[in-house]
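Visitor: Following this line is work-v2.tsv, made up of TSV, C-alpha atoms:
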chain	number	residue	atom	x	y	z
V	1	MET	CA	0.00	0.00	0.00
V	2	ALA	CA	1.36	3.41	-0.94
V	3	GLY	CA	2.14	5.96	1.70
V	4	LEU	CA	0.10	9.11	2.32
V	5	ILE	CA	1.19	11.62	-0.33
V	6	LEU	CA	1.16	15.31	0.46
V	7	TRP	CA	1.63	16.96	-2.91
V	8	ALA	CA	2.11	20.58	-3.81
V	9	THR	CA	1.26	22.12	-7.15
V	10	GLY	CA	3.94	23.70	-9.25
V	11	VAL	CA	3.67	26.29	-11.98
V	12	VAL	CA	5.26	25.26	-15.27
V	13	GLY	CA	7.84	27.91	-15.98
V	14	CYS	CA	8.19	29.01	-12.37
V	15	GLY	CA	7.70	25.76	-10.47
V	16	LEU	CA	7.28	27.08	-6.90
V	17	THR	CA	6.21	24.21	-4.64
V	18	ALA	CA	5.44	24.53	-0.95
V	19	GLY	CA	8.20	22.91	1.04
V	20	GLY	CA	10.24	22.08	-2.06
V	21	PRO	CA	12.73	23.75	-4.37
V	22	ILE	CA	11.87	26.45	-6.88
V	23	TRP	CA	12.18	25.12	-10.43
V	24	VAL	CA	12.56	27.43	-13.41
V	25	ARG	CA	11.69	25.67	-16.66
V	26	GLN	CA	13.80	26.27	-19.78
V	27	GLU	CA	12.92	24.39	-22.96
V	28	ILE	CA	16.28	24.26	-24.74
V	29	ASP	CA	14.79	22.42	-27.73
V	30	PRO	CA	11.03	22.36	-28.44
V	31	ARG	CA	11.43	19.59	-31.03
V	32	ALA	CA	14.62	17.59	-30.94
V	33	GLY	CA	13.04	14.74	-32.90
V	34	GLU	CA	10.03	12.47	-32.99
V	35	VAL	CA	11.20	10.77	-29.79
V	36	VAL	CA	13.92	11.85	-27.37
V	37	TYR	CA	14.95	8.36	-26.30
V	38	ALA	CA	17.76	9.35	-23.94
V	39	VAL	CA	19.39	12.35	-22.33
V	40	THR	CA	22.73	12.58	-20.60
V	41	VAL	CA	25.37	15.18	-19.71
V	42	ALA	CA	29.05	15.41	-20.66
V	43	ASP	CA	31.72	18.04	-21.16
V	44	VAL	CA	31.73	17.72	-24.93
V	45	ASN	CA	33.88	20.76	-25.81
V	46	GLY	CA	36.32	20.56	-22.89
V	47	ASP	CA	35.39	23.86	-21.24
V	48	ARG	CA	34.72	22.19	-17.86
V	49	ARG	CA	30.99	22.75	-18.15
V	50	LEU	CA	28.48	19.95	-18.47
V	51	ASP	CA	26.66	20.06	-21.79
V	52	VAL	CA	23.34	18.32	-22.45
V	53	VAL	CA	23.29	15.41	-24.91
V	54	ALA	CA	20.10	14.03	-26.45
V	55	VAL	CA	19.45	10.91	-28.52
V	56	THR	CA	16.58	10.92	-31.00
V	57	GLU	CA	15.39	8.34	-33.50
V	58	ASP	CA	17.90	9.49	-36.14
V	59	ALA	CA	20.36	11.85	-34.43
V	60	VAL	CA	22.72	12.47	-31.53
V	61	LEU	CA	22.63	16.13	-30.49
V	62	TRP	CA	24.50	18.18	-27.94
V	63	TYR	CA	23.55	21.54	-26.48
V	64	GLU	CA	26.42	23.82	-25.49
V	65	ASN	CA	26.36	25.17	-21.95
V	66	PRO	CA	25.42	27.99	-21.27
V	67	SER	CA	24.05	29.22	-24.62
V	68	TRP	CA	22.33	25.86	-25.28
V	69	ARG	CA	23.13	26.17	-28.96
V	70	LYS	CA	22.28	22.88	-30.65
V	71	ARG	CA	25.03	20.98	-32.43
V	72	VAL	CA	24.84	17.71	-34.33
V	73	VAL	CA	27.12	14.79	-33.55
V	74	VAL	CA	25.53	12.47	-36.13
V	75	GLU	CA	22.25	12.62	-38.02
V	76	GLY	CA	20.77	10.10	-40.44
V	77	ALA	CA	23.95	8.02	-40.30
V	78	THR	CA	22.94	5.13	-38.00
V	79	ALA	CA	20.25	2.46	-38.17
V	80	ARG	CA	16.94	3.82	-36.88
V	81	ASP	CA	16.10	4.12	-34.11
V	82	ASN	CA	18.95	5.32	-31.90
V	83	VAL	CA	17.98	4.32	-28.37
V	84	CYS	CA	20.83	4.48	-25.83
V	85	ILE	CA	24.10	6.29	-25.25
V	86	ALA	CA	27.03	6.28	-22.82
V	87	ALA	CA	29.77	8.92	-22.66
V	88	ARG	CA	33.48	8.21	-22.08
V	89	ASP	CA	36.86	9.09	-23.57
V	90	ILE	CA	37.16	5.83	-25.49
V	91	ASP	CA	40.28	6.51	-27.58
V	92	GLY	CA	42.30	8.34	-24.91
V	93	ASP	CA	42.60	11.65	-26.77
V	94	GLY	CA	41.25	13.68	-23.86
V	95	GLN	CA	37.88	14.30	-25.53
V	96	ILE	CA	34.50	12.79	-24.75
V	97	ASP	CA	33.29	10.05	-27.08
V	98	PHE	CA	29.96	8.23	-27.10
V	99	ALA	CA	28.99	4.58	-27.29
V	100	LEU	CA	25.66	4.39	-29.12
V	101	GLY	CA	23.04	1.67	-29.48
V	102	ALA	CA	20.78	1.84	-32.54
V	103	GLY	CA	18.55	-0.29	-34.75
V	104	TRP	CA	15.81	-0.25	-32.09
V	105	LYS	CA	12.63	-1.67	-33.62
V	106	PRO	CA	10.33	-3.40	-31.15
V	107	PRO	CA	8.74	-5.91	-31.10
V	108	ASP	CA	11.42	-7.42	-33.37
V	109	THR	CA	13.42	-9.81	-31.19
V	110	VAL	CA	15.33	-11.49	-34.03
V	111	THR	CA	17.14	-8.78	-35.99
V	112	PRO	CA	20.32	-7.60	-34.21
V	113	GLY	CA	20.62	-4.00	-33.14
V	114	THR	CA	23.72	-2.02	-34.01
V	115	LEU	CA	26.54	-0.94	-31.74
V	116	GLN	CA	29.01	1.82	-32.51
V	117	TRP	CA	31.04	4.53	-30.90
V	118	LEU	CA	31.34	8.15	-31.99
V	119	GLY	CA	34.67	9.95	-31.78
V	120	ARG	CA	36.46	12.91	-33.35
V	121	ASP	CA	39.31	12.90	-35.82
V	122	GLY	CA	42.23	15.36	-35.86
V	123	ALA	CA	40.06	17.97	-37.56
V	124	GLY	CA	37.32	17.66	-34.94
V	125	GLN	CA	34.90	15.84	-37.25
V	126	TRP	CA	32.73	13.13	-35.72
V	127	LYS	CA	33.34	9.61	-37.03
V	128	ILE	CA	31.34	6.40	-36.53
V	129	HIS	CA	33.26	3.29	-35.47
V	130	ILE	CA	31.38	0.00	-35.73
V	131	ILE	CA	31.56	-2.61	-32.95
V	132	GLU	CA	30.46	-6.12	-33.85
V	133	TYR	CA	27.29	-7.00	-31.94
V	134	GLU	CA	24.70	-9.69	-32.64
V	135	GLU	CA	21.97	-9.32	-30.02
V	136	PRO	CA	18.46	-8.12	-30.91
V	137	SER	CA	16.51	-5.50	-28.94
V	138	ILE	CA	19.49	-3.39	-27.83
V	139	HIS	CA	18.08	-1.01	-25.24
V	140	ARG	CA	20.40	0.20	-22.44
V	141	MET	CA	24.15	0.65	-21.96
V	142	ARG	CA	26.43	1.96	-19.21
V	143	TRP	CA	30.15	2.18	-18.49
V	144	ALA	CA	31.02	0.22	-15.35
V	145	ASP	CA	34.17	-1.07	-13.64
V	146	VAL	CA	32.87	-4.60	-13.10
V	147	ASP	CA	36.27	-6.14	-12.24
V	148	GLY	CA	37.66	-3.37	-10.04
V	149	ASP	CA	40.76	-2.69	-12.11
V	150	GLY	CA	40.08	1.04	-12.40
V	151	VAL	CA	39.05	0.83	-16.06
V	152	THR	CA	35.40	0.87	-17.08
V	153	GLU	CA	33.83	-1.67	-19.40
V	154	LEU	CA	30.80	-1.20	-21.64
V	155	VAL	CA	27.79	-3.11	-20.31
V	156	ILE	CA	24.92	-3.68	-22.73
V	157	VAL	CA	21.46	-4.89	-21.71
V	158	PRO	CA	18.86	-5.66	-24.40
V	159	LEU	CA	15.18	-5.40	-23.55
V	160	GLN	CA	14.02	-8.84	-24.73
V	161	GLY	CA	15.60	-12.24	-25.29
V	162	ARG	CA	16.09	-13.55	-28.80
V	163	GLY	CA	12.88	-14.88	-30.33
V	164	THR	CA	10.62	-14.00	-27.39
V	165	MET	CA	7.09	-12.83	-28.08
V	166	GLY	CA	4.41	-10.92	-26.22
V	167	PRO	CA	2.29	-10.80	-24.27
V	168	ASP	CA	4.17	-13.39	-22.21
V	169	TRP	CA	7.62	-11.86	-22.50
V	170	GLY	CA	8.79	-14.00	-19.59
V	171	ALA	CA	8.80	-17.16	-21.71
V	172	GLY	CA	11.62	-18.22	-23.98
V	173	LYS	CA	15.25	-17.17	-24.02
V	174	GLY	CA	16.54	-14.67	-21.53
V	175	VAL	CA	18.31	-11.39	-22.20
V	176	ARG	CA	22.03	-11.80	-22.87
V	177	ILE	CA	23.86	-9.15	-20.83
V	178	TRP	CA	27.31	-8.55	-22.32
V	179	VAL	CA	30.36	-6.80	-20.91
V	180	LEU	CA	32.73	-5.43	-23.59
V	181	ARG	CA	36.28	-4.24	-23.02
V	182	VAL	CA	37.85	-1.44	-25.03
V	183	PRO	CA	40.72	-2.92	-27.07
V	184	GLU	CA	44.17	-1.38	-27.44
V	185	ASP	CA	43.00	-0.12	-30.81
V	186	PRO	CA	39.48	1.16	-30.08
V	187	THR	CA	38.69	1.36	-33.78
V	188	ALA	CA	38.88	-2.45	-34.04
V	189	ARG	CA	35.46	-3.90	-34.80
V	190	VAL	CA	35.82	-6.80	-32.35
V	191	TRP	CA	35.90	-6.03	-28.63
V	192	ALA	CA	36.64	-8.75	-26.08
V	193	SER	CA	33.41	-9.71	-24.34
V	194	GLU	CA	32.04	-11.83	-21.53
V	195	LEU	CA	28.50	-12.88	-20.70
V	196	ALA	CA	27.27	-11.61	-17.33
V	197	ASP	CA	23.82	-13.24	-17.39
V	198	ASP	CA	21.27	-14.77	-19.76
V	199	THR	CA	18.38	-15.73	-17.46
V	200	LEU	CA	16.28	-12.59	-17.09
V	201	HIS	CA	13.49	-11.30	-19.33
V	202	THR	CA	12.33	-7.77	-20.20
V	203	ALA	CA	15.36	-6.17	-18.56
V	204	HIS	CA	14.16	-2.61	-19.00
V	205	ASN	CA	16.99	-0.82	-17.23
V	206	PHE	CA	20.04	-1.25	-15.02
V	207	GLU	CA	22.65	0.72	-13.10
V	208	ALA	CA	26.26	0.20	-12.04
V	209	VAL	CA	26.56	0.65	-8.26
V	210	SER	CA	28.80	-0.14	-5.32
V	211	LEU	CA	26.96	-2.11	-2.65
V	212	ASP	CA	29.98	-3.64	-0.89
V	213	ASP	CA	33.56	-2.80	0.06
V	214	ASP	CA	35.43	-4.23	-2.93
V	215	PRO	CA	36.57	-1.95	-5.78
V	216	ALA	CA	34.38	-3.64	-8.42
V	217	GLU	CA	31.00	-2.26	-9.29
V	218	GLU	CA	27.89	-4.42	-9.26
V	219	LEU	CA	24.96	-4.26	-11.67
V	220	ILE	CA	21.40	-3.86	-10.45
V	221	VAL	CA	18.80	-4.86	-13.03
V	222	ALA	CA	15.04	-4.29	-13.22
V	223	ALA	CA	13.43	-7.18	-15.07
V	224	TRP	CA	10.27	-9.23	-15.62
V	225	GLU	CA	11.23	-11.53	-12.74
V	226	GLY	CA	11.97	-8.66	-10.32
V	227	VAL	CA	15.02	-6.77	-9.11
V	228	PHE	CA	18.44	-8.43	-9.26
V	229	ARG	CA	22.08	-7.83	-8.42
V	230	LEU	CA	24.80	-9.17	-10.72
V	231	ASP	CA	28.28	-9.44	-9.25
V	232	ARG	CA	31.52	-10.52	-10.93
V	233	LEU	CA	33.77	-12.68	-8.78
V	234	ASP	CA	37.57	-12.58	-8.83
V	235	ASP	CA	37.73	-15.71	-10.96
V	236	GLY	CA	35.52	-14.15	-13.65
V	237	ARG	CA	32.31	-16.00	-12.77
V	238	TRP	CA	29.13	-13.97	-12.31
V	239	THR	CA	26.60	-14.41	-9.51
V	240	ARG	CA	22.96	-13.36	-9.57
V	241	THR	CA	21.06	-12.38	-6.41
V	242	LYS	CA	17.36	-11.58	-6.27
V	243	LEU	CA	16.66	-8.43	-4.23
V	244	GLY	CA	12.90	-8.22	-4.80
V	245	ASP	CA	9.99	-9.69	-6.78
V	246	GLY	CA	8.78	-6.49	-8.37
V	247	TYR	CA	5.03	-6.38	-8.98
V	248	GLN	CA	3.70	-9.68	-10.30
V	249	GLY	CA	-0.03	-9.03	-10.01
V	250	GLY	CA	-0.68	-7.18	-13.27
V	251	ASP	CA	-2.12	-8.43	-16.52
V	252	LEU	CA	0.24	-9.55	-19.25
V	253	PRO	CA	2.52	-8.09	-20.49
V	254	HIS	CA	3.05	-6.09	-17.29
V	255	ARG	CA	5.26	-7.88	-14.79
V	256	GLY	CA	8.18	-7.21	-12.49
V	257	ALA	CA	9.98	-3.89	-12.58
V	258	SER	CA	11.29	-1.32	-15.04
V	259	GLU	CA	13.74	1.51	-14.38
V	260	ILE	CA	16.05	1.32	-11.37
V	261	LYS	CA	18.32	3.69	-9.45
V	262	LEU	CA	20.22	3.55	-6.16
V	263	GLY	CA	19.85	6.47	-3.76
V	264	LYS	CA	20.92	7.47	-0.27
V	265	VAL	CA	18.06	8.47	2.02
V	266	GLY	CA	18.13	9.96	5.51
V	267	ASP	CA	20.89	11.27	7.76
V	268	GLN	CA	22.48	7.81	7.76
V	269	ALA	CA	22.45	7.65	3.93
V	270	ARG	CA	20.61	4.36	3.92
V	271	ASP	CA	20.70	2.48	0.60
V	272	CYS	CA	17.41	2.75	-1.25
V	273	LEU	CA	16.56	1.28	-4.67
V	274	ALA	CA	13.77	2.94	-6.64
V	275	THR	CA	11.84	1.27	-9.46
V	276	ILE	CA	8.75	1.67	-11.60
V	277	GLU	CA	6.52	-1.39	-11.28
V	278	PRO	CA	5.41	-3.40	-13.10
V	279	TRP	CA	7.11	-3.01	-16.50
V	280	HIS	CA	5.85	0.34	-17.88
V	281	GLY	CA	3.65	0.47	-14.82
V	282	ASP	CA	1.93	2.95	-12.52
V	283	ARG	CA	3.69	2.22	-9.23
V	284	VAL	CA	6.67	4.08	-7.80
V	285	VAL	CA	8.42	1.61	-5.48
V	286	VAL	CA	11.44	1.71	-3.20
V	287	TYR	CA	13.44	-1.11	-1.67
V	288	VAL	CA	15.22	-0.10	1.53
V	289	ARG	CA	18.22	-2.11	2.67
V	290	GLU	CA	17.54	-3.06	6.27
V	291	ILE	CA	20.44	-5.49	6.64
V	292	GLU	CA	23.13	-6.67	4.23
V	293	SER	CA	20.98	-9.22	2.42
V	294	LYS	CA	17.44	-7.95	3.03
V	295	TRP	CA	15.66	-5.28	1.01
V	296	VAL	CA	12.18	-4.22	2.15
V	297	ARG	CA	9.73	-3.21	-0.59
V	298	ARG	CA	7.47	-0.19	-0.05
V	299	GLU	CA	5.13	1.46	-2.53
V	300	VAL	CA	5.50	5.22	-2.77
V	301	ASP	CA	2.82	6.12	-5.34
V	302	THR	CA	0.33	4.06	-7.36
V	303	GLY	CA	-0.88	6.75	-9.76
V	304	VAL	CA	1.98	7.34	-12.18
V	305	LYS	CA	0.79	6.62	-15.72
V	306	TRP	CA	3.59	4.84	-17.60
V	307	GLY	CA	6.51	5.77	-15.41
V	308	HIS	CA	9.65	5.92	-17.54
V	309	ALA	CA	12.45	7.71	-15.71
V	310	VAL	CA	13.94	7.35	-12.22
V	311	TRP	CA	16.76	9.32	-10.60
V	312	PHE	CA	18.04	10.20	-7.12
V	313	ALA	CA	19.61	13.57	-6.25
V	314	ASN	CA	19.79	15.89	-3.27
V	315	VAL	CA	17.77	18.81	-4.63
V	316	ASP	CA	17.20	20.69	-1.37
V	317	GLU	CA	19.13	21.63	1.75
V	318	ASP	CA	18.78	18.48	3.87
V	319	PRO	CA	21.38	15.67	3.81
V	320	SER	CA	19.06	13.21	2.10
V	321	GLN	CA	18.56	12.54	-1.60
V	322	GLU	CA	15.14	12.94	-3.17
V	323	LEU	CA	13.51	10.70	-5.76
V	324	ILE	CA	12.86	12.11	-9.26
V	325	ILE	CA	10.23	10.39	-11.42
V	326	GLY	CA	9.36	11.00	-15.07
V	327	GLN	CA	5.83	10.15	-16.22
V	328	ARG	CA	5.33	9.49	-19.92
V	329	ASP	CA	1.51	9.47	-20.36
V	330	PRO	CA	-1.35	11.54	-18.91
V	331	ARG	CA	-3.71	10.02	-16.37
V	332	THR	CA	-7.20	9.36	-17.69
V	333	ASP	CA	-9.03	9.65	-14.35
V	334	THR	CA	-9.92	12.75	-12.35
V	335	VAL	CA	-6.96	12.59	-9.97
V	336	THR	CA	-4.37	15.35	-10.15
V	337	PRO	CA	-1.59	15.92	-11.01
V	338	LYS	CA	-2.47	14.26	-14.29
V	339	GLY	CA	0.84	14.47	-16.09
V	340	PRO	CA	2.67	13.65	-18.16
V	341	GLY	CA	5.48	15.33	-16.37
V	342	VAL	CA	8.26	15.32	-13.82
V	343	PHE	CA	7.77	14.88	-10.08
V	344	VAL	CA	10.03	14.81	-7.03
V	345	TYR	CA	9.32	12.78	-3.88
V	346	ASP	CA	10.81	13.65	-0.50
V	347	LEU	CA	10.93	10.24	1.19
V	348	GLU	CA	13.03	10.94	4.27
V	349	SER	CA	10.28	11.43	6.88
V	350	TRP	CA	8.23	8.56	5.47
V	351	LEU	CA	11.06	6.06	5.29
V	352	MET	CA	12.95	7.07	8.41
V	353	GLY	CA	10.18	8.46	10.61
V	354	GLY	CA	7.62	5.69	10.47
V	355	HIS	CA	4.54	4.70	8.49
V	356	ASP	CA	2.43	7.61	9.79
V	357	SER	CA	4.62	10.20	8.12
V	358	GLY	CA	3.56	11.52	4.74
V	359	ILE	CA	5.43	11.64	1.47
V	360	GLU	CA	5.91	15.08	-0.04
V	361	LYS	CA	5.37	15.05	-3.80
V	362	TRP	CA	6.65	18.16	-5.56
V	363	VAL	CA	5.32	18.89	-9.03
V	364	VAL	CA	8.10	20.10	-11.32
V	365	ASP	CA	6.17	19.86	-14.60
V	366	ASP	CA	2.57	18.76	-15.08
V	367	GLY	CA	1.65	18.41	-18.74
V	368	GLY	CA	4.68	19.84	-20.53
V	369	MET	CA	7.00	16.84	-20.56
V	370	ALA	CA	6.00	13.37	-21.79
V	371	CYS	CA	9.09	12.06	-20.06
V	372	GLU	CA	11.02	9.29	-21.77
V	373	ASP	CA	14.27	9.90	-19.86
V	374	ALA	CA	15.55	12.21	-17.14
V	375	LEU	CA	18.55	12.80	-14.93
V	376	ALA	CA	19.90	15.36	-12.47
V	377	ALA	CA	23.20	17.23	-12.73
V	378	ASP	CA	24.64	20.58	-11.65
V	379	LEU	CA	24.79	22.56	-14.89
V	380	ASP	CA	25.77	25.98	-13.53
V	381	GLY	CA	28.25	25.02	-10.81
V	382	ASP	CA	26.24	26.39	-7.90
V	383	GLY	CA	26.16	23.07	-6.06
V	384	ARG	CA	22.45	22.46	-6.72
V	385	PRO	CA	21.44	19.83	-9.27
V	386	GLU	CA	19.15	20.69	-12.14
V	387	ILE	CA	16.75	18.19	-13.73
V	388	ILE	CA	17.18	17.48	-17.44
V	389	ALA	CA	14.41	15.63	-19.28
V	390	GLY	CA	13.60	14.43	-22.80
V	391	GLY	CA	10.12	13.82	-24.14
V	392	ARG	CA	8.33	11.31	-26.33
V	393	ALA	CA	4.95	12.81	-27.28
V	394	THR	CA	6.24	16.31	-26.44
V	395	HIS	CA	9.44	15.79	-28.53
V	396	ASN	CA	11.35	18.29	-26.38
V	397	VAL	CA	14.44	18.71	-24.21
V	398	VAL	CA	13.93	20.72	-21.02
V	399	VAL	CA	16.17	21.93	-18.20
V	400	TYR	CA	14.52	22.62	-14.84
V	401	TRP	CA	16.79	25.04	-13.01
V	402	ASN	CA	17.05	24.55	-9.26
V	403	ARG	CA	16.68	28.04	-7.80
V	404	SER	CA	16.04	27.14	-4.15
V	405	GLN	CA	18.42	29.73	-2.69
V	406	ASP	CA	18.22	32.55	-5.25
Give the structure from the file, written as C-alpha cells.
Guide:
Amino acid sequence: MAGLILWATGVVGCGLTAGGPIWVRQEIDPRAGEVVYAVTVADVNGDRRLDVVAVTEDAVLWYENPSWRKRVVVEGATARDNVCIAARDIDGDGQIDFALGAGWKPPDTVTPGTLQWLGRDGAGQWKIHIIEYEEPSIHRMRWADVDGDGVTELVIVPLQGRGTMGPDWGAGKGVRIWVLRVPEDPTARVWASELADDTLHTAHNFEAVSLDDDPAEELIVAAWEGVFRLDRLDDGRWTRTKLGDGYQGGDLPHRGASEIKLGKVGDQARDCLATIEPWHGDRVVVYVREIESKWVRREVDTGVKWGHAVWFANVDEDPSQELIIGQRDPRTDTVTPKGPGVFVYDLESWLMGGHDSGIEKWVVDDGGMACEDALAADLDGDGRPEIIAGGRATHNVVVYWNRSQD
C-alpha cells in the first residue's frame, strides 16, 4: 500500500512548490526529434561545463552550456532508431566520445541492433566506429568497472531475449547481458566480451553501483522476474542475487519492474533502490536495505501513468537525496496531477520516521514533458542539481533550473 502523499502544485515555468525547491523551466529544444529516447550530460567541448546530450530516432545532439546552442554529432547516419548512449573518452585523446546503441525496432526480437562509438578525428569531425554485436533488442548501456581494475567496461542490456514474443515476455530465451572491453586499438570492430547473465526477461533498465567494500561495481537490473544484483567474482564468474519480486499481479505483459536507481536516504544515507513497477507500470516503489541481504519493498505512489524515468539527487538543503520520477503518459481519471510530467518525492520522513509520516510530492512539470528519460546534474556550478528531461509525445528537451536559494 502506498504511503500518504502530500503533494504541492507547481507552476510550469516558475515551479514554486510549498516545502520544495523552486524550479525554473527552460525548454532548450522544443522539437529535438520524434522521440527523445535518452538524455545525458558530458563536457563535450572541454570547457569544464556539463553540456546536455540528447538521442533521438535518427540523431545524436548536444547543447552547449550555457548558450544551449544545438550541435549535431551524427544525423541520419545510424540504423533507426537510436535508443541508448554512454559517454566516455574511449580513444584516450582527452575528448568525450559516445557509445551508441541503434537499430531499435520493437517488437522485433530477431534482428540484431547495431553498436558503434562516436569519436572525433584530428580535424574535430565526428566519425562512426562499428563494434560487432549480434543481439536483438538493444536497449540500455552503461560504463562500469565490473572487475575493479580502475578501467570501465561497456555493459549492454537488451530489452528482450532472442525470439521471445508478447504478451508473455517472460517465456523463452533470456536477455544476454554482455560486458565489452575497449581494445588497445578502439577502432577495431571486435571487442573482447564476456556474458554476465542470460536468465532474465524484459530487462528494462540497469545501473552500475557499489553495494559492498570491494573496488568492483555491481549491476542492479530491473526485469520481468523482479530486481536483481549481478556481481563478478575474482575468478571471472558472475553471480545473480534476487533483491525483490517487483510487482507480479498485473495483466500480461506487465510484470516485475522497469527503471532502477540507487539512492541514499536519511541522515544515515541508507541504501534505497527505486523502481517503476510493473514493466511500464503505474507504481513508484522503493526497496530499503535493512540489513546486508534484506531489502524491504514499499510502494511510494500508485498513480503514475507509464513511469519511464527514475533518478536520485539531493535537490534541497537536507542531507538526504530525493527521488525524481518522469511520467510518460497523462492520467485518464480525475486525480491530479495528471501528467505527463516530472515529479520529485521527499521520502526521508516517510522512510525514516515511520509509516504515519507523509510523502511530499513536488510537481516540477505537469503536462509539458512526456518524459522518456531524465537525470539530475549541476549545470551551472552552484552546487544544486538541475533536472534534465527528454520527451516522447512532447518531442522536447527541457532543463529545470534549481533556484532554491536565489
Visitor: What gap, in Å, lies between CA of Glu372 in chain V and CA of Gln125 in chain V?
Guide: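 Between these atoms lies a distance of 29.2 Å.
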Visitor: Under the rule of at most 12 Å, produce a per-residue listing of range 170-205 of chain V near range 237-261 of chain V: chain, number, name, the closest pair of atoms, and the distance in Å, as CSV, using all atoms listed in the file.
Guide:
residue,atom,partner,partner_atom,distance
V:Gly170,CA,V:Arg255,CA,8.5
V:Ala171,CA,V:Pro253,CA,11.1
V:Ile177,CA,V:Trp238,CA,11.1
V:Trp178,CA,V:Trp238,CA,11.5
V:Val179,CA,V:Trp238,CA,11.3
V:Glu194,CA,V:Arg237,CA,9.7
V:Leu195,CA,V:Trp238,CA,8.5
V:Ala196,CA,V:Trp238,CA,5.9
V:Asp197,CA,V:Trp238,CA,7.4
V:Asp198,CA,V:Arg240,CA,10.4
V:Thr199,CA,V:Arg240,CA,9.4
V:Leu200,CA,V:Arg240,CA,10.1
V:His201,CA,V:Gly256,CA,9.6
V:Thr202,CA,V:Ser258,CA,8.3
V:Ala203,CA,V:Ser258,CA,7.2
V:His204,CA,V:Ser258,CA,5.1
V:Asn205,CA,V:Glu259,CA,4.9
Visitor: Restrict the calculation to all atoms listed in the file, then for each residue of range 44-153 of chain V with any atom at most 9 Å from an atom of range 22-32 of chain V give the closest atom pair and their distance in Å to one decimal, rows by chain and rising residue number, as a Markdown table.
Guide:
| residue | atom | partner | partner_atom | distance |
| --- | --- | --- | --- | --- |
| V:Ala54 | CA | V:Ala32 | CA | 7.9 |
| V:Val55 | CA | V:Ala32 | CA | 8.6 |
| V:Thr56 | CA | V:Ala32 | CA | 7.0 |
| V:Ala59 | CA | V:Ala32 | CA | 8.8 |
| V:Leu61 | CA | V:Ala32 | CA | 8.2 |
| V:Tyr63 | CA | V:Ile28 | CA | 8.0 |
| V:Trp68 | CA | V:Ile28 | CA | 6.3 |
| V:Arg69 | CA | V:Ile28 | CA | 8.3 |
| V:Lys70 | CA | V:Asp29 | CA | 8.1 |
Visitor: Around the point (19.4, 17.1, -16.0) in the file's coordinates, collect all residues with an atom within 8 Å, using all atoms listed in the file, and return them as a list in words.
Guide: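 All residues meeting the 8 Å criterion around (19.4, 17.1, -16.0) are Val39, Thr40, Val41, Val52, Ala374, Leu375, Ala376, Ala377, Asp378, Leu379, Pro385, Glu386, Ile387, Ile388, Ala389, Val399 and Tyr400 of chain V.
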Visitor: Considering all atoms listed in the file, can you say which of V:Asp214, V:Val335, V:Leu347, V:Gly113 comes closest to Ala274 in chain V?
Guide: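 That would be V:Leu347, the residue with the smallest distance to Ala274 in chain V.
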Visitor: Separation of CA of Gly174 in chain V and CA of Thr302 in chain V, in Å?
Guide: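 For CA of Gly174 in chain V relative to CA of Thr302 in chain V, the distance reads 28.5 Å.
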Visitor: In Å, with one decimal, what is the gap from CA of Arg140 in chain V to CA of Val397 in chain V?
Guide: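 Computing it gives 19.5 Å between the two atoms.
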Visitor: Could you check the closest approach to Ile128 in chain V for each of V:Arg48, V:Arg189, V:Arg229, V:Arg297 and tell me which residue wins, using all atoms listed in the file?
Guide: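 That would be V:Arg189, the residue with the smallest distance to Ile128 in chain V.
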Visitor: Quick one: everything within 10 Å of Thr187 in chain V, counting only C-alpha atoms, minus sequence neighbours fewer than 4 positions away in the same chain. Send it as a PDB file with C-alpha atoms, in the coordinates of the input.
Guide:
ATOM      1  CA  ILE V  90      37.160   5.830 -25.490  1.00  0.00           C
ATOM      2  CA  ASP V  91      40.280   6.510 -27.580  1.00  0.00           C
ATOM      3  CA  GLN V 116      29.010   1.820 -32.510  1.00  0.00           C
ATOM      4  CA  TRP V 117      31.040   4.530 -30.900  1.00  0.00           C
ATOM      5  CA  GLY V 119      34.670   9.950 -31.780  1.00  0.00           C
ATOM      6  CA  ILE V 128      31.340   6.400 -36.530  1.00  0.00           C
ATOM      7  CA  HIS V 129      33.260   3.290 -35.470  1.00  0.00           C
ATOM      8  CA  ILE V 130      31.380   0.000 -35.730  1.00  0.00           C
ATOM      9  CA  ILE V 131      31.560  -2.610 -32.950  1.00  0.00           C
ATOM     10  CA  VAL V 182      37.850  -1.440 -25.030  1.00  0.00           C
ATOM     11  CA  PRO V 183      40.720  -2.920 -27.070  1.00  0.00           C
ATOM     12  CA  TRP V 191      35.900  -6.030 -28.630  1.00  0.00           C
TER      13      TRP V 191
END
Visitor: Taking into account only C-alpha atoms, which residue in the set V:Asp51, V:Asp234, V:Glu290, V:Asp346 is nearest to Asp271 in chain V?
Guide: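 So, comparing all the options, the nearest one is V:Glu290.
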Visitor: Around the point (25.9, 14.2, -35.1) in the file's coordinates, collect all residues with an atom within 9 Å, using all atoms listed in the file, and return them as a PyMOL selection string.
Guide: chain V and resi 59-62+71-77+118+126-127
Visitor: Considering all atoms listed in the file, return as a PyMOL selection string whatever protein or nucleic-acid residues lie within 7 Å of Ile325 in chain V, sequence-local ones (same chain, fewer than 6 positions apart) excluded.
Guide: chain V and resi 309-311+342-344
